[in-house]
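*Asks:* Before anything else, here's the structure in question.
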Amino acid sequence: MPELNQKMIELRNICRTFYLGDQAVRALNQVNLRIEQGEYISVMGPSGSGKSTLLNAIGLLDRPDNGEYIIDGINTSVLDEEQRAHFRRDKIGFVFQSYHLIGRLNARENIALPMVLAGVPPKQREVAVEQVLAKLGLTDRAHHLPKQLSGGQRQRVAIGRAILMSPSILLADEPTGNLDSKSGAEVIEVLEQLNQQGITLLVVTHDLSLGKRAQRRIKMVDGKIAEDISR
Amino acid sequence: MRLLDIILFTGQTLGRHRFRSAMTLVSMAIGVAAVLTLTGLGEGARGYVLGQFSFLGTDTLIMFPGRKETTGGMPPVTGSAARNITLEDTQTMARLARGVDQIAPLVVGSAPISYESRSREAVTVGTTAAFFSIRGIKMKRGKSLPDIPMEQAKNICIIGETIKTELFGNLPAVGQWLRVSDRRCRIIGLTEGRGDAFGMDLSDAVFIPVASAQSLFDTEALFRVFFKIKANASLAQVEKQLINIMRDRHQGELDVTLVRPDAMISTFNDLLLMLTFAIVGIASISLLVAGILIMNITLISVNQRTSEIGLLKAIGAPAGQIRMLFLTEALLLALIGAVGGVIIGETLIFAGTKFFPDIPFYTPYWAILSALGVAFLTSAVFAYLPANRAAKLEPVIALTAK
């Protein structure tokens with residue numbers, strides 16, 4: 001493996017094929033991509049172009065069929081399931097369109113989940129959760145269940161959960177897709193603030209105005225990177 | 001993930017589905033309670049039956065008329081046989097068998113008894129003074145039967161405490177005349193306590209000399225003969241002597257059964273223990289059913305929470321942790337249900353001892369530990385399949401589940 005920047009993501013010739021019956025659908029076709037630490041990237045493209053598949057591959061949620069994926073100098077193809085899970089926990093944060101909050105847990109408990117899974121002692125995680133709640137303006141909503149929160153607040157809780165472990169990259173899949181424009185703008189503001197603080201931000205979106213805000217815009221077509229424009 | 005966090009997390013999940021969790025707990029509790037209650041009943045029955053024989057030491061022999069071979073059925077318990085055991089047989093055995101310390105013939109029947117205007121039916125036992133010694137019956141008032149020859153009838157009797165209370169109330173009974181059928185006999189003693197034996201309450205009996213009982217019931221046949229062996233004598237040798245004497249007296253045919261209480265106790269013990277295990281085995285099926293229910297509940301839980309499993313995987317839970325969460329959920333249900341079952345079972349057993357104080361119902365510790373262990377193990381085995389299914393879900397597929 002060549003010497004790589006420790007804070008860099010590199011995808012080399014990544015392929016991912018899905019099978020719908022007898023029909024093979026190439027969701028990612030020889031994708032090559034390099035992401036530097038602290039970049040703000042939007043991934044756009046029509047439905048079925050491979051945006052979410054790319055995000056899942058970068059997030060180690062899915063295994064590519066071919067190619068190499070290197071993050072922080074580690075070739076992820078050699079990692080077993082447990083190592084991949086720990087990698088996701090420690091290095092990657094996810095923000096989903098539908099929030100994916102656990103309904104029976106309040107905002108504080110939802111945010112604390114990654115640290116609970118990591119076995120962080122309660123006192124230590126309480127301090128970390130308090131900081132995140134304050135950062136996202138959710139302190140007064142800490143004991144509310146997801147159903148008692150607005151869409152924007154839910155997404156902020158999801159962002160809190162994603163950043164709790166101080167990941168090097170934040171992957172957001174249509175983060176404003178379920179929100180009204182005001183809430184969407186608030187969420188984008190939060191994500192951009194986090195990026196300004198040094199976190200790498202990759203946003204998959206259909207929203208052109210949101211996509212244009214990123215420093216670097218990637219357009220996917222038929223499983224390939226058709227455009228990669230930096231401002 | 002810390003153990004406390006695992007328990008809190010699964011506790012929150014169970015709390016979210018209260019009715020479903022409660023039903024599973026109830027099924028497990030019923031299973032464990034059934035096992036424990038039936039074990040307690042079995043042990044109680046075993047203790048009760050063995051207690052019936054415990055008054056006889058290891059130096060005692062009991063002779064029954066008839067044999068399995070001569071009556072054609074089970075070993076005789078009713079005293080029916082082709083040839084009876086008579087008082088002459090008893091006297092001959094007393095004379096010839098070396099090593100016999102005491103011998104007590106027994107004639108048992110039911111006769112009407114009365115004192116002044118009060119009358120009732122009572123078990124009437126014809127025997128000798130030796131019976132009280134062998135059986136360990138103590139006198140509360142008066143004295144025991146006198147040491148008179150077996151063939152001598154006498155108008156005397158001893159009554160039990162129940163008879164005394166029912167016929168005499170608070171009045172003194174010793175010295176009074178009691179009518180037994182068409183005879184009158186003077187009460188010379190009052191026995192102490194119940195003195196249960198073979199299901200017979202001896203406090204509810206009248207004791208008269210054996211010859212008087214033979215005359216009263218117009219029979220020569222003895223119901224039983226009790227032997228107490230001398231301290232230095234060999235039980236096996238005395239047994240052999242008695243068998244030989246009876247064979248000689250009955251024209252070479254052996255038509256009596258001689259029972260050693262310790263052998264009898266051992267046989268009953270084995271039999272009742274087997275019966276207890278069989279009943280407990282049947283009751284354990286309910287534990288199995290509870291285990292299957294837990295499997296189904298876990299399966300439903302996995303299906304309903306697929307998206308949550310996807311999320312947990314996405315934010316860093318490895319397969320083993322997911323498996324552990326679902327197994328803990330099942331085991332927590334099993335444990336709480338099983339502990340509830342132990343409480344219910346023990347309460348029922350406690351109630352049993354209150355309602356039937358003579359029967360020593362109790363649940364042995366091995367039964368409690370086994371029931372808890374089986375409940376735990378069954379749940380773990382049955383829940384493993386769905387828990388493993390959850391663990392193996394692909395995060396990206398699980399996340400998109402509705």
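Labels for the structure tokens follow display order: chains A, B, ..., residues from 1 in each chain, ligands from 1.
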Determine, counting only C-alpha atoms, which protein, DNA and RNA residues have an atom within 8 Å of an atom of Pro46 in chain A; residues of the same chain fewer than 6 positions away are not included. Present the result as a list in words.
*Replies:*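 Selected residues are His206, Met220 and Val221 of chain A.
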*Asks:* Residues within 12 Å of Asp204 in chain B, please, as a list in words. Count only C-alpha atoms; anything in the same chain fewer than 6 positions from it doesn't count.
*Replies:* Ser110, Ile113, Arg120, Glu121, Ala122, Val123, Thr124, Val125, Ile158, Ile159, Gly160, Glu161, Thr162, Ile163, Lys164, Thr165, Glu166, Leu167, Leu190, Thr191, Glu192, Gly193, Arg194, Gly195, Asp196 and Ala197 of chain B
*Asks:* I need the residues from that last selection saved to file as a short mmCIF file (atom, residue, chain, number, x, y, z; two decimals), in the first residue's frame (with C-alpha atoms), if you can.
*Replies:*
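To be explicit, this is the file written out as part_34.cif:
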data_model
loop_
_atom_site.label_atom_id
_atom_site.label_comp_id
_atom_site.auth_asym_id
_atom_site.auth_seq_id
_atom_site.Cartn_x
_atom_site.Cartn_y
_atom_site.Cartn_z
CA SER B 110 -64.79 -52.07 62.53
CA ILE B 113 -68.89 -48.41 70.10
CA ARG B 120 -70.19 -44.37 66.63
CA GLU B 121 -68.27 -46.85 64.51
CA ALA B 122 -64.61 -47.27 65.31
CA VAL B 123 -61.62 -49.22 64.07
CA THR B 124 -61.10 -51.94 66.61
CA VAL B 125 -57.64 -53.44 66.86
CA ILE B 158 -57.54 -48.82 75.38
CA ILE B 159 -58.90 -45.91 73.40
CA GLY B 160 -57.34 -43.20 71.27
CA GLU B 161 -57.68 -39.48 71.94
CA THR B 162 -60.23 -38.85 69.20
CA ILE B 163 -62.55 -41.55 70.54
CA LYS B 164 -62.14 -40.15 74.04
CA THR B 165 -62.98 -36.60 72.93
CA GLU B 166 -65.99 -37.68 70.91
CA LEU B 167 -67.52 -40.02 73.47
CA LEU B 190 -55.72 -43.61 76.71
CA THR B 191 -53.12 -43.41 73.94
CA GLU B 192 -51.19 -40.27 73.13
CA GLY B 193 -51.19 -38.46 69.77
CA ARG B 194 -52.34 -39.68 66.36
CA GLY B 195 -49.84 -42.48 65.80
CA ASP B 196 -50.57 -42.70 62.08
CA ALA B 197 -49.67 -45.98 60.44
#
*Asks:* Quick one: which chain A residues come within 8 Å of chain B, and what is the nearest atom pair for each with the distance in Å to one decimal, counting only C-alpha atoms, rows ordered by chain and ascending number, as a Markdown table?
*Replies:*
| residue | atom | partner | partner_atom | distance |
| --- | --- | --- | --- | --- |
| A:Asn56 | CA | B:Val396 | CA | 7.2 |
| A:Leu61 | CA | B:Val396 | CA | 5.5 |
| A:Asp62 | CA | B:Val396 | CA | 6.3 |
| A:Glu81 | CA | B:Pro318 | CA | 7.0 |
| A:Glu82 | CA | B:Pro318 | CA | 5.1 |
| A:Ala85 | CA | B:Gly316 | CA | 4.5 |
| A:His86 | CA | B:Gly316 | CA | 5.3 |
| A:Phe87 | CA | B:Gly316 | CA | 7.3 |
| A:Arg88 | CA | B:Gly316 | CA | 5.3 |
| A:Arg89 | CA | B:Gly316 | CA | 4.0 |
| A:Asp90 | CA | B:Gly316 | CA | 7.7 |
| A:Gly93 | CA | B:Ile315 | CA | 7.3 |
| A:Phe94 | CA | B:Ile315 | CA | 7.5 |
| A:His100 | CA | B:Leu311 | CA | 6.7 |
| A:Ile102 | CA | B:Glu308 | CA | 6.9 |
| A:Arg104 | CA | B:Arg16 | CA | 6.8 |
| A:Pro114 | CA | B:Ile315 | CA | 6.0 |
| A:Val116 | CA | B:Met1 | CA | 6.1 |
| A:Leu117 | CA | B:Met1 | CA | 4.8 |
| A:Ala118 | CA | B:Met1 | CA | 5.6 |
| A:Gly119 | CA | B:Met1 | CA | 4.1 |
| A:Val120 | CA | B:Met1 | CA | 7.8 |
| A:Ala162 | CA | B:Ile315 | CA | 7.8 |
*Asks:* Take the residues from that selection and write them out as a compact mmCIF listing (two decimals), in the first residue's frame, keeping C-alpha atoms.
*Replies:*
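part_7.txt was written with the following content:
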# COMPACT_ATOMS: atom_id res chain seq x y z
CA ASN A 56 -22.92 3.23 1.99
CA LEU A 61 -22.31 -0.17 5.54
CA ASP A 62 -21.85 -2.13 2.34
CA GLU A 81 -17.19 -7.40 10.36
CA GLU A 82 -16.33 -6.51 13.93
CA ALA A 85 -18.33 -1.99 13.06
CA HIS A 86 -15.73 -0.44 15.35
CA PHE A 87 -14.45 1.66 12.47
CA ARG A 88 -17.96 2.97 11.81
CA ARG A 89 -18.40 3.70 15.50
CA ASP A 90 -15.11 5.58 15.91
CA GLY A 93 -20.99 9.58 11.59
CA PHE A 94 -24.29 9.00 9.79
CA HIS A 100 -33.50 6.71 12.55
CA ILE A 102 -35.16 4.99 18.62
CA ARG A 104 -38.50 4.64 23.24
CA PRO A 114 -22.68 5.22 20.22
CA VAL A 116 -23.22 3.18 25.22
CA LEU A 117 -22.29 0.67 22.50
CA ALA A 118 -18.63 1.52 22.98
CA GLY A 119 -18.88 0.85 26.73
CA VAL A 120 -17.91 4.41 27.73
CA ALA A 162 -23.46 11.16 14.63
*Asks:* Taking the DSSP assignment computed from this structure's backbone, write out as an NGL selection string all residues of range 5-251 of chain B that belong to helix (DSSP H, G or I).
*Replies:* :B and (5-16 or 18-54 or 68-71 or 87-96 or 129-135 or 161-168 or 202-204 or 210-217 or 235-249)
*Asks:* List the spatial neighbours of Ile218 in chain A as a count of residues only - criterion: any atom at most 7 Å away, only C-alpha atoms, same-chain residues fewer than 2 positions off excluded.
*Replies:* 9
*Asks:* At a cut-off of 6 Å, using only C-alpha atoms, what residues contact Val256 in chain B? Leave out same-chain residues fewer than 2 positions from it and give the result as a list in words.
*Replies:*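 These residues fall inside the cut-off: Phe64, Pro65, Gly66, Arg67 and Leu254 of chain B.
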*Asks:* Which residues come within 9 Å of Arg156 in chain A, counting only C-alpha atoms, excluding same-chain residues fewer than 5 positions away, as a list in words?
*Replies:* Tyr99, Leu136, Gly137, Leu138, Gly151, Arg161, Glu186, Val187 and Val190 of chain A
*Asks:* Between CA of Ile58 in chain A and CA of Leu202 in chain A, what is the distance, to one decimal in Å?
*Replies:*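 Here the two named atoms are 9.7 Å from each other.
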*Asks:* For Ile70 in chain A, please output as a CSV table (one decimal) with all heavy atoms, in the first residue's frame all residues within 7 Å (counting only C-alpha atoms; exclusion window: fewer than 5 positions along the same chain).
*Replies:*
chain,number,residue,atom,x,y,z
A,9,ILE,N,-9.4,9.9,2.6
A,9,ILE,CA,-10.2,8.8,2.1
A,9,ILE,C,-9.9,8.6,0.6
A,9,ILE,O,-9.8,9.5,-0.1
A,9,ILE,CB,-11.7,9.1,2.3
A,9,ILE,CG1,-12.1,9.0,3.8
A,9,ILE,CG2,-12.6,8.2,1.4
A,9,ILE,CD1,-13.6,9.3,4.0
A,10,GLU,N,-9.7,7.3,0.3
A,10,GLU,CA,-9.4,7.1,-1.1
A,10,GLU,C,-10.1,5.8,-1.6
A,10,GLU,O,-10.0,4.8,-1.0
A,10,GLU,CB,-7.9,6.9,-1.4
A,10,GLU,CG,-7.6,6.7,-2.9
A,10,GLU,CD,-6.1,6.9,-3.2
A,10,GLU,OE1,-5.3,7.0,-2.3
A,10,GLU,OE2,-5.8,6.9,-4.4
A,11,LEU,N,-10.9,6.0,-2.7
A,11,LEU,CA,-11.6,4.9,-3.3
A,11,LEU,C,-10.9,4.6,-4.6
A,11,LEU,O,-10.7,5.5,-5.4
A,11,LEU,CB,-13.1,5.2,-3.5
A,11,LEU,CG,-14.0,5.0,-2.3
A,11,LEU,CD1,-13.8,6.2,-1.3
A,11,LEU,CD2,-15.5,5.0,-2.8
A,75,ASN,N,-6.5,0.0,4.8
A,75,ASN,CA,-7.3,-0.6,3.7
A,75,ASN,C,-8.5,-1.4,4.3
A,75,ASN,O,-8.3,-2.4,5.0
A,75,ASN,CB,-6.4,-1.6,2.9
A,75,ASN,CG,-7.1,-2.1,1.6
A,75,ASN,OD1,-8.3,-2.0,1.5
A,75,ASN,ND2,-6.3,-2.7,0.7
A,76,THR,N,-9.7,-0.9,4.1
A,76,THR,CA,-10.8,-1.5,4.8
A,76,THR,C,-11.2,-2.9,4.2
A,76,THR,O,-12.0,-3.6,4.9
A,76,THR,CB,-12.0,-0.5,4.6
A,76,THR,OG1,-12.3,-0.4,3.2
A,76,THR,CG2,-11.8,0.8,5.3
*Asks:* Between B:Ala111, B:Leu87, B:Ile292, B:Leu372, which residue has the minimum interatomic distance to Phe217 in chain B, considering only C-alpha atoms?
*Replies:*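 Result for the nearest residue to Phe217 in chain B: B:Ala111.
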*Asks:* Find the residue from A:Glu126, A:Glu39, A:Asp22, A:Asp207 that sits nearest to Arg231 in chain A; use only C-alpha atoms when measuring.
*Replies:* A:Glu39
*Asks:* By how many Å are CA of Gly40 in chain B and CA of Thr353 in chain B apart?
*Replies:*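 Between these atoms lies a distance of 10.1 Å.
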*Asks:* I'd like to know which residues of range 130-322 of chain B are strand (DSSP E) (by DSSP, run on the backbone); could you write them as a PyMOL selection string?
*Replies:* chain B and resi 139-142+156-159+177-180+183-191+205-209+224-229+256-259
*Asks:* With a distance cut-off of 9 Å and only C-alpha atoms, select the neighbouring residues of Val49 in chain B, excluding the residue or stretch itself and same-chain residues fewer than 2 positions from it, and output the selection as a ChimeraX atom specification.
*Replies:* /B:44-47,51-54,198-199,265,268-269,272,359
*Asks:* What would the file look like if the residues just selected were written as a PDB file, in the first residue's frame with N, CA and C atoms?
*Replies:*
ATOM      1  N   GLY B  44     -43.840 -34.244  48.977  1.00  0.00           N
ATOM      2  CA  GLY B  44     -44.740 -34.325  50.121  1.00  0.00           C
ATOM      3  C   GLY B  44     -45.339 -35.715  50.247  1.00  0.00           C
ATOM      4  N   ALA B  45     -45.798 -36.243  49.109  1.00  0.00           N
ATOM      5  CA  ALA B  45     -46.390 -37.583  49.109  1.00  0.00           C
ATOM      6  C   ALA B  45     -45.350 -38.613  49.533  1.00  0.00           C
ATOM      7  N   ARG B  46     -44.138 -38.442  49.020  1.00  0.00           N
ATOM      8  CA  ARG B  46     -43.058 -39.381  49.361  1.00  0.00           C
ATOM      9  C   ARG B  46     -42.762 -39.314  50.867  1.00  0.00           C
ATOM     10  N   GLY B  47     -42.655 -38.090  51.366  1.00  0.00           N
ATOM     11  CA  GLY B  47     -42.370 -37.911  52.792  1.00  0.00           C
ATOM     12  C   GLY B  47     -43.478 -38.501  53.646  1.00  0.00           C
ATOM     13  N   GLY B  51     -43.056 -41.653  55.981  1.00  0.00           N
ATOM     14  CA  GLY B  51     -43.310 -41.393  57.398  1.00  0.00           C
ATOM     15  C   GLY B  51     -44.200 -42.451  58.012  1.00  0.00           C
ATOM     16  N   GLN B  52     -45.092 -43.007  57.165  1.00  0.00           N
ATOM     17  CA  GLN B  52     -45.990 -44.060  57.650  1.00  0.00           C
ATOM     18  C   GLN B  52     -45.217 -45.305  58.091  1.00  0.00           C
ATOM     19  N   PHE B  53     -44.056 -45.502  57.504  1.00  0.00           N
ATOM     20  CA  PHE B  53     -43.265 -46.697  57.835  1.00  0.00           C
ATOM     21  C   PHE B  53     -42.134 -46.392  58.803  1.00  0.00           C
ATOM     22  N   SER B  54     -41.939 -45.099  59.023  1.00  0.00           N
ATOM     23  CA  SER B  54     -40.734 -44.734  59.769  1.00  0.00           C
ATOM     24  C   SER B  54     -40.798 -45.156  61.230  1.00  0.00           C
ATOM     25  N   PHE B 198     -49.845 -46.646  58.134  1.00  0.00           N
ATOM     26  CA  PHE B 198     -50.494 -47.184  56.930  1.00  0.00           C
ATOM     27  C   PHE B 198     -51.788 -46.445  56.628  1.00  0.00           C
ATOM     28  N   GLY B 199     -51.804 -45.157  56.858  1.00  0.00           N
ATOM     29  CA  GLY B 199     -52.987 -44.361  56.556  1.00  0.00           C
ATOM     30  C   GLY B 199     -54.079 -44.486  57.607  1.00  0.00           C
ATOM     31  N   ILE B 265     -39.468 -49.431  52.654  1.00  0.00           N
ATOM     32  CA  ILE B 265     -39.234 -47.984  52.564  1.00  0.00           C
ATOM     33  C   ILE B 265     -38.429 -47.673  51.308  1.00  0.00           C
ATOM     34  N   PHE B 268     -40.667 -48.122  48.228  1.00  0.00           N
ATOM     35  CA  PHE B 268     -41.608 -46.996  48.121  1.00  0.00           C
ATOM     36  C   PHE B 268     -40.874 -45.722  47.719  1.00  0.00           C
ATOM     37  N   ASN B 269     -39.705 -45.562  48.336  1.00  0.00           N
ATOM     38  CA  ASN B 269     -38.904 -44.369  48.040  1.00  0.00           C
ATOM     39  C   ASN B 269     -38.578 -44.318  46.552  1.00  0.00           C
ATOM     40  N   LEU B 272     -41.827 -43.727  44.479  1.00  0.00           N
ATOM     41  CA  LEU B 272     -42.371 -42.365  44.566  1.00  0.00           C
ATOM     42  C   LEU B 272     -41.437 -41.337  43.937  1.00  0.00           C
ATOM     43  N   ILE B 359     -49.107 -33.612  55.621  1.00  0.00           N
ATOM     44  CA  ILE B 359     -48.289 -33.984  54.460  1.00  0.00           C
ATOM     45  C   ILE B 359     -47.123 -33.003  54.342  1.00  0.00           C
TER      46      ILE B 359
END
